[in-house]
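Visitor: I'd like to ask some things about the structure below.
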4 protein chains.
Amino acid sequence: MLPFRFLRNLLLLSCMAATALSQTKPRARDLGVPFDGTPGMFNAITDIKGVEVGHTTLISGNGKLKVGQGPVRTGVTAILPRGKQSKDAVFGGWFTMNGNGEMTGTTWLEDSGFLDGPIMITNTHSVGVVRDAVIAWKVKQGEPDMEGYWWSLPVVAETWDGYLNDINGFHVKPEHVFHALDSAHSGPVDEGNVGGGTGMICNEFKGGIGTASRVLEAKQGGYTVGVLVQCNYGDREQLRIAGVPVGREIPEHPVWKNDTGSIIIVIATDAPLIPTQLKRVARRASLGLGRNGSYSGDGSGDIFVAFSTANAGAANPKGVRDLKMLPNDQINPIFLATVQATEEAVVNAMVAAETMTGVEDHTVIALPHDKLHEVLKKYNRLVK
Amino acid sequence: MLPFRFLRNLLLLSCMAATALSQTKPRARDLGVPFDGTPGMFNAITDIKGVEVGHTTLISGNGKLKVGQGPVRTGVTAILPRGKQSKDAVFGGWFTMNGNGEMTGTTWLEDSGFLDGPIMITNTHSVGVVRDAVIAWKVKQGEPDMEGYWWSLPVVAETWDGYLNDINGFHVKPEHVFHALDSAHSGPVDEGNVGGGTGMICNEFKGGIGTASRVLEAKQGGYTVGVLVQCNYGDREQLRIAGVPVGREIPEHPVWKNDTGSIIIVIATDAPLIPTQLKRVARRASLGLGRNGSYSGDGSGDIFVAFSTANAGAANPKGVRDLKMLPNDQINPIFLATVQATEEAVVNAMVAAETMTGVEDHTVIALPHDKLHEVLKKYNRLVK
Amino acid sequence: MLPFRFLRNLLLLSCMAATALSQTKPRARDLGVPFDGTPGMFNAITDIKGVEVGHTTLISGNGKLKVGQGPVRTGVTAILPRGKQSKDAVFGGWFTMNGNGEMTGTTWLEDSGFLDGPIMITNTHSVGVVRDAVIAWKVKQGEPDMEGYWWSLPVVAETWDGYLNDINGFHVKPEHVFHALDSAHSGPVDEGNVGGGTGMICNEFKGGIGTASRVLEAKQGGYTVGVLVQCNYGDREQLRIAGVPVGREIPEHPVWKNDTGSIIIVIATDAPLIPTQLKRVARRASLGLGRNGSYSGDGSGDIFVAFSTANAGAANPKGVRDLKMLPNDQINPIFLATVQATEEAVVNAMVAAETMTGVEDHTVIALPHDKLHEVLKKYNRLVK
Amino acid sequence: MLPFRFLRNLLLLSCMAATALSQTKPRARDLGVPFDGTPGMFNAITDIKGVEVGHTTLISGNGKLKVGQGPVRTGVTAILPRGKQSKDAVFGGWFTMNGNGEMTGTTWLEDSGFLDGPIMITNTHSVGVVRDAVIAWKVKQGEPDMEGYWWSLPVVAETWDGYLNDINGFHVKPEHVFHALDSAHSGPVDEGNVGGGTGMICNEFKGGIGTASRVLEAKQGGYTVGVLVQCNYGDREQLRIAGVPVGREIPEHPVWKNDTGSIIIVIATDAPLIPTQLKRVARRASLGLGRNGSYSGDGSGDIFVAFSTANAGAANPKGVRDLKMLPNDQINPIFLATVQATEEAVVNAMVAAETMTGVEDHTVIALPHDKLHEVLKKYNRLVK
């Protein structure tokens with residue numbers, strides 16, 4: 001007889017999958033964009049068991065910028081490697097392709113090999129409030145040890161949304177951080193103009209949050225790799241989708257002349273990788289961006305972080321820890337999956353995002369689905 | 001005839017020097033601790049022209065810890081490389097000896113080679129509020145460009161004061177940040193229980209802010225190197241002062257069994273160094289810590305940043321910039337000065353700090369001046 | 001009247017250009033592959049004034065492998081940043097996308113910011129002989145100072161040619177190194193099965209040496225960026241050319257199942273970049289590889305080095321040096337040119353390389369030009 | 001009954017210990033230099049089980065320098081992490097305090113986390129011959145796999161001995177490398193003017209090879225940390241021994257005015273550390289140098305590598321590997337032991353080295369044991 005727990009989980013999964021399927025919003029592959037590899041159930045970072053994602057989206061006001069009053073087009077996104085209930089750190093690694101950005105907590109991540117707590121993404125000028133609010137949230141969860149020898153170095157990253165958002169108005173507040181954390185869940189992940197991605201711009205189309213995943217073949221270990229991006233980078237001129245020069249073919253409504261944005265990329269896997277290996281995985285996100293045409297401009301904060309949910313308990317300070325490690329000789333499918341999922345997550349962000357008007361009535365158009373379809377067809381790259 | 005401006009400056013300097021001389025608090029060398037090299041006028045980071053330092057010190061409440069109510073023993077320290085009036089970035093470099101800490105803004109510092117704005121130091125759980133407040137302060141100063149394509153990635157570092165301070169009460173507020181910035185000044189620098197160093201512990205004695213400087217000989221270029229530390233690291237057992245095993249000789253009132261603290265070290269110079277060279281300078285702070293007996297424990301955030309006030313205008317985005325560079329072959333005196341000034345700044349912090357009682361009536365004693373004197377004598381290292 | 005020197009140089013240039021034009025071997029763009037940007041006169045790293053390239057190509061023997069006797073399919077390539085006559089070091093920076101390889105001399109390059117002497121590329125097991133031979137060559141040139149306080153830390157990189165070459169036979173000798181150095185010249189650069197690239201394999205086609213360049217517009221400073229690759233990486237399956245999935249469309253004669261190769265990328269520019277900036281440039285080569293479909297496999301030594309021929313005399317140990325620096329805000333065209341020239345240099349290597357049979361009669365086919373033409377046409381990407 | 005194997009090993013150990021004890025050459029602690037911590041049986045890197053060390057020492061000729069003919073004062077030292085018989089790689093990490101030197105193989109060490117094969121140390125201009133000879137030695141050992149997809153990236157480091165040795169004569173030959181490897185053994189390690197250290201200079205005294213070890217208490221895991229240095233760095237003026245300004249007290253026979261040397265430091269442990277942790281351990285060697293007064297001059301190649309002999313089989317490419325990891329929270333005793341053993345190994349090198357005369361009759365004096373004794377007494381630091 002199947003245990004109740006199994007049945008319940010099966011039902012839950014079916015339910016979430018149904019939700020995923022019933023999503024009316026098409027994703028990149030629904031539009032016929034060809035991608036390699038096999039995605040997981042949700043084609044999302046949450047395909048890695050335990051990973052939860054939550055968003056707080058702040059949209060209010062219109063027209064003229066009044067610093068402190070809006071218009072507001074911003075938010076916070078929380079990625080919890082082992083979900084809200086766990087206080088167990090994960091192994092992690094990070095990499096910077098171009099450093100015009102911030103990801104706090106990386107000095108200790110680099111040296112300890114551990115990523116302890118959620119990864120938060122918000123706008124450039126709200127990193128501080130989000131960082132301290134994560135500590136406050138942990139304190140509320142009862143994290144500090146009895147003697148009080150406890151401190152926290154949260155991981156908070158950002159991209160700049162000042163073209164659409166009153167970024168110097170500091171509209172993100174601690175309660176928005178708590179909400180993103182408390183509402184984080186597994187299953188489908190909202191994409192586009194949500195959470196930290198609300199006011200973002202990608203290749204001069206509306207950008208924001210995107211996600212994708214890959215499942216390796218059984219003989220490769222059957223591991224899953226998931227990617228979530230907050231996508232705010234890029235010149236239209238350089239944009240390639242599935243290798244096709246889509247940016248040049250859709251030159252309408254450009255935003256600016258130079259690459260001024262950024263991209264934060266979060267990579268999750270259940271493969272048993274140690275920190276050295278996760279750093280290598282994080283570096284591969286660059287190659288996904290390369291496929292999409294990025295040259296990682298000077299103004300870009302292209303910062304990537306990778307973690308593994310394997311090796312639960314590795315951070316336990318007692319005794320000698322038992323670990324599992326995938327040999328380096330078997331890591332290529334993880335690398336390739338990272339490149340592929342990054343490539344797709346960026347396109348998913350643009351496909352999901354909708355045209356937005358923000359401060360000073362600046363408008364950024366969504367990537368037009370019909371034209372994308374046309375261009376792919378012109379270059380014989382449309383998946384029938 | 002001497003111009004008025006010169007006379008005024010001379011008077012100002014004399015006045016500040018007099019203040020320095022009239023300080024009733026002795027510093028390490030006043031107690032007969034032998035140090036090599038020649039310090040600048042104030043034996044402080046402010047001996048580099050343009051550098052200003054400001055502190056906000058928060059001390060209130062006693063006894064039982066009530067999170068959010070105190071006791072409070074914390075603060076903020078601001079170091080402004082070119083003073084409050086300048087918006088000109090400096091070349092910088094950084095290094096981590098042990099990464100259990102935070103210094104925001106380092107990803108861009110590393111990649112751009114520039115340090116743009118003040119360096120702030122506070123307690124571990126107030127890094128966020130300080131970071132965003134620096135942006136707010138810059139906005140108030142009218143920093144953003146006309147088109148609004150402006151963002152800021154402030155450099156904010158920390159050490160942990162939770163043994164004496166209600167660190168989870170988040171007592172540092174934006175106005176404390178503004179005050180530290182607005183009150184920053186050249187001349188003598190307050191040391192010990194002030195600013196970000198208020199609640200810090202160093203080698204199980206009371207620690208905090210310390211500073212020192214070195215002036216090179218004319219044939220070495222006559223440059224000045226200044227160091228400021230927020231000193232919160234170390235085992236008593238390992239403490240050496242001027243090579244003497246002072247820690248073992250003064251075993252009274254230990255605080256803990258393991259190195260759990262951190263040290264932030266800021267190095268300033270007027271030597272024309274480019275970013276690659278400043279990274280090398282930052283790394284030398286390790287050797288100063290080595291002299292004092294540190295082994296840079298796992299719990300330590302030993303993070304160092306160096307900048308040069310030379311090459312004003314290098315950050316100007318227009319044209320091709322003209323720079324000056326000291327050849328690598330001439331850099332040794334800068335390296336040695338960094339080691340020496342770091343060694344002394346740490347001792348200055350302990351000498352200046354006074355016994356403090358904080359949360360839960362935890363008490364940390366000051367390094368007893370008379371015993372230090374005795375121990376140095378015992379080992380024939382006392383400067384007569 | 002035009003000075004004689006100018007006329008002579010003009011004639012020399014015309015002559016070399018004529019040679020370039022009279023090359024019967026087509027290059028990638030001759031086959032209709034679309035690339036962005038404007039190449040220099042030779043579309044080669046030698047478009048940067050002063051840069052010289054020399055090759056020694058070793059091909060002998062056939063059939064069965066007899067270690068020490070062959071077959072031999074290997075060589076050495078020398079890139080001299082300022083030509084054979086100059087002893088003036090250049091500013092440099094380096095980056096590793098995947099570290100399964102060797103580039104000696106990088107520790108000092110990283111710390112000093114200078115690249116002193118030639119960059120050599122050979123096979124994996126001949127790095128040592130090449131390195132010491134560079135020192136011997138320098139000694140022969142009279143490099144050591146009078147007092148003898150001189151040492152050299154040559155930059156020598158490698159990729160693995162053991163599938164075609166008797167790599168454990170150590171066939172590269174000091175005289176081959178001297179020849180590559182002594183025969184280095186400006187003007188057109190031989191590509192394909194030459195020098196260090198003789199026995200290399202790229203995306204399971206015959207690989208080797210490739211080069212390309214870009215000239216920026218006058219308003220961007222008019223600088224030149226040149227790239228030279230020793231190309232030995234990649235899965236056929238992943239190969240994209242100009243975004244087109246060429247590898248899948250030409251599946252014939254695969255070599256192996258996994259990415260086991262490597263790529264060394266050398267980037268030269270005359271833009272006045274300081275070491276921090278050159279490190280950023282080196283990192284951009286990754287994005288060029290990304291465009292071509294690389295995922296930088298575990299077995300790959302993807303190591304990149306960039307240098308600038310500007311700032312002659314910066315390495316002079318006397319006095320304070322005067323430098324020029326391009327502001328970071330103007331660096332984007334350099335980044336983009338690096339990505340574009342890397343993308344093209346890799347394809348040039350494959351286009352130039354010819355089918356080769358080596359040890360144990362292993363045969364690696366050249367990228368078939370006609371099929372490439374066909375595939376580009378199929379995907380509507382052929383330049384007419 | 002005790003098994004034969006155990007008895008045999010016991011006898012072997014006794015024999016080696018007897019050898020150690022019967023050494024007529026005193027070591028630093030025999031002269032009364034105070035050091036902290038508990039050394040292992042041999043107070044050497046070979047106290048870590050499996051580690052073997054071999055030297056080839058080349059001394060010949062006198063007087064005038066004739067390049068290629070001598071005088072010769074050089075050699076090679078081999079450190080085999082798991083001994084000659086094992087082909088099993090170890091986890092490793094490395095760090096550069098100052099990069100004016102070479103350690104080949106570090107790019108792959110950094111990225112893979114593994115150190116595969118011996119660590120070799122020689123003079124600056126013989127790194128190449130040593131590197132390729134290690135490959136040849138491996139080929140002779142039958143290392144290459146059946147299909148021939150095998151390559152090697154040896155770890156070879158150096159310091160500069162050109163003040164005493166005809167360094168441009170390239171006197172190290174492959175057979176010297178083979179001898180150092182083949183003669184490597186466990187037990188006592190020769191120190192001073194041997195192997196790679198033959199012609200080295202340390203703090204303007206004769207330097208060379210030195211070693212030391214520490215054994216942790218049982219409650220700290222009982223692990224051993226061993227250090228071996230090839231010591232060639234430092235100004236006399238800055239030299240501290242046990243915190244005492246020994247250099248200034250023995251100013252006789254200085255060699256030069258500036259720090260021009262280097263130090264290679266190899267750290268071994270049997271503690272189960274993963275690569276991230278070994279990198280941290282390597283970094284701690286800096287603090288040992290700091291204790292001895294180093295400022296890591298511009299001309300210095302201060303390069304450190306650490307490895308762990310635990311986790312045998314971790315490099316096996318098959319399956320998923322089982323690892324052990326010491327928690328970061330328990331790593332402090334390893335850090336402290338590294339600092340202490342580095343501090344002592346440097347002094348051991350100087351104590352063991354004997355006055356040497358080399359090229360052009362340059363003479364470098366040994367650290368005079370009697371004067372060292374006197375100075376320690378003067379500063380009340382002599383161990384009775």
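Numbering starts fresh at 1 for the residues of each chain in the structure tokens, the chains themselves are lettered A, B, ... in the order given, and ligands are numbered from 1 as they appear.
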Please report as number ranges by chain which residues of chain A come no farther than 9 Å from chain C, using only C-alpha atoms.
Guide: A: 97-98, 240-245, 258-259, 280, 283-284, 286-299, 328-333, 335-336, 338-339, 378-381
Visitor: Contacts of D:Val177 at 8 Å or less, counting only C-alpha atoms, minus same-chain residues fewer than 5 places along, as a list in words?
Guide: Thr56, Val76, Val130, Ala133, Val134 and Val172 of chain D
Visitor: When you look at D:Pro144 with a cut-off of 12 Å (counting only C-alpha atoms), what residues show up, excluding the ones that are within fewer than 5 positions of it in the same chain? I need them as a ChimeraX atom specification.
Guide: /C:67,162,167-168 /D:87,135-139,149-152
Visitor: Write a file of the just-selected residues containing C-alpha atoms, as a JSON list (two decimals), in the first residue's frame.
Guide:
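Output file out_16.json is given in full below:
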```
[["chain", "number", "residue", "atom", "x", "y", "z"],
["C", 67, "VAL", "CA", 56.60, 7.22, -28.13],
["C", 162, "GLY", "CA", 47.69, 13.73, -28.11],
["C", 167, "ILE", "CA", 52.71, 14.15, -27.16],
["C", 168, "ASN", "CA", 54.70, 12.00, -24.74],
["D", 87, "LYS", "CA", 48.52, 7.76, -8.23],
["D", 135, "ILE", "CA", 55.47, 14.21, -16.99],
["D", 136, "ALA", "CA", 58.21, 11.97, -18.37],
["D", 137, "TRP", "CA", 58.54, 10.34, -14.93],
["D", 138, "LYS", "CA", 54.80, 9.74, -14.84],
["D", 139, "VAL", "CA", 54.89, 8.25, -18.33],
["D", 149, "TYR", "CA", 43.49, 10.43, -23.29],
["D", 150, "TRP", "CA", 45.86, 11.46, -20.59],
["D", 151, "TRP", "CA", 47.63, 14.64, -19.78],
["D", 152, "SER", "CA", 49.41, 16.09, -16.81]]
```
Visitor: Please provide as a list in words all residues within 9 Å of stretch 359-364 of chain C, with the sequence filter that same-chain residues fewer than 3 positions apart are discarded (counting only C-alpha atoms).
Guide: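 So the residues in contact are Gly61, Asn62, Gly63, Lys64, Leu65, Lys66, Gly70, Pro71, Val72, Arg73, Gly162, Tyr163, Leu164, Asn165, Asp166, Ile201, Glu204, Phe205, Lys206, His253, Pro254, Val255, Glu354, Thr355 and Met356 of chain C.
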Visitor: Which residues are near stretch 124-126 of chain B? Cut-off 6 Å, only C-alpha atoms, ignore same chain within fewer than 2 positions. Put them as an mmCIF file with N, CA and C atoms, in the first residue's frame.
Guide:
```cif
data_model
loop_
_atom_site.group_PDB
_atom_site.id
_atom_site.type_symbol
_atom_site.label_atom_id
_atom_site.label_comp_id
_atom_site.auth_asym_id
_atom_site.auth_seq_id
_atom_site.Cartn_x
_atom_site.Cartn_y
_atom_site.Cartn_z
ATOM 1 N N GLY B 128 22.906 47.136 6.411
ATOM 2 C CA GLY B 128 21.881 47.501 5.427
ATOM 3 C C GLY B 128 21.418 48.930 5.592
ATOM 4 N N VAL B 129 21.039 49.291 6.800
ATOM 5 C CA VAL B 129 20.525 50.643 7.018
ATOM 6 C C VAL B 129 21.604 51.673 6.678
ATOM 7 N N GLU B 158 31.646 45.875 8.513
ATOM 8 C CA GLU B 158 31.116 45.659 9.862
ATOM 9 C C GLU B 158 31.981 44.708 10.663
ATOM 10 N N THR B 159 31.829 44.823 11.984
ATOM 11 C CA THR B 159 32.239 43.741 12.878
ATOM 12 C C THR B 159 31.112 43.566 13.894
ATOM 13 N N TRP B 160 31.167 42.472 14.648
ATOM 14 C CA TRP B 160 30.032 42.056 15.477
ATOM 15 C C TRP B 160 30.202 42.512 16.918
#
```
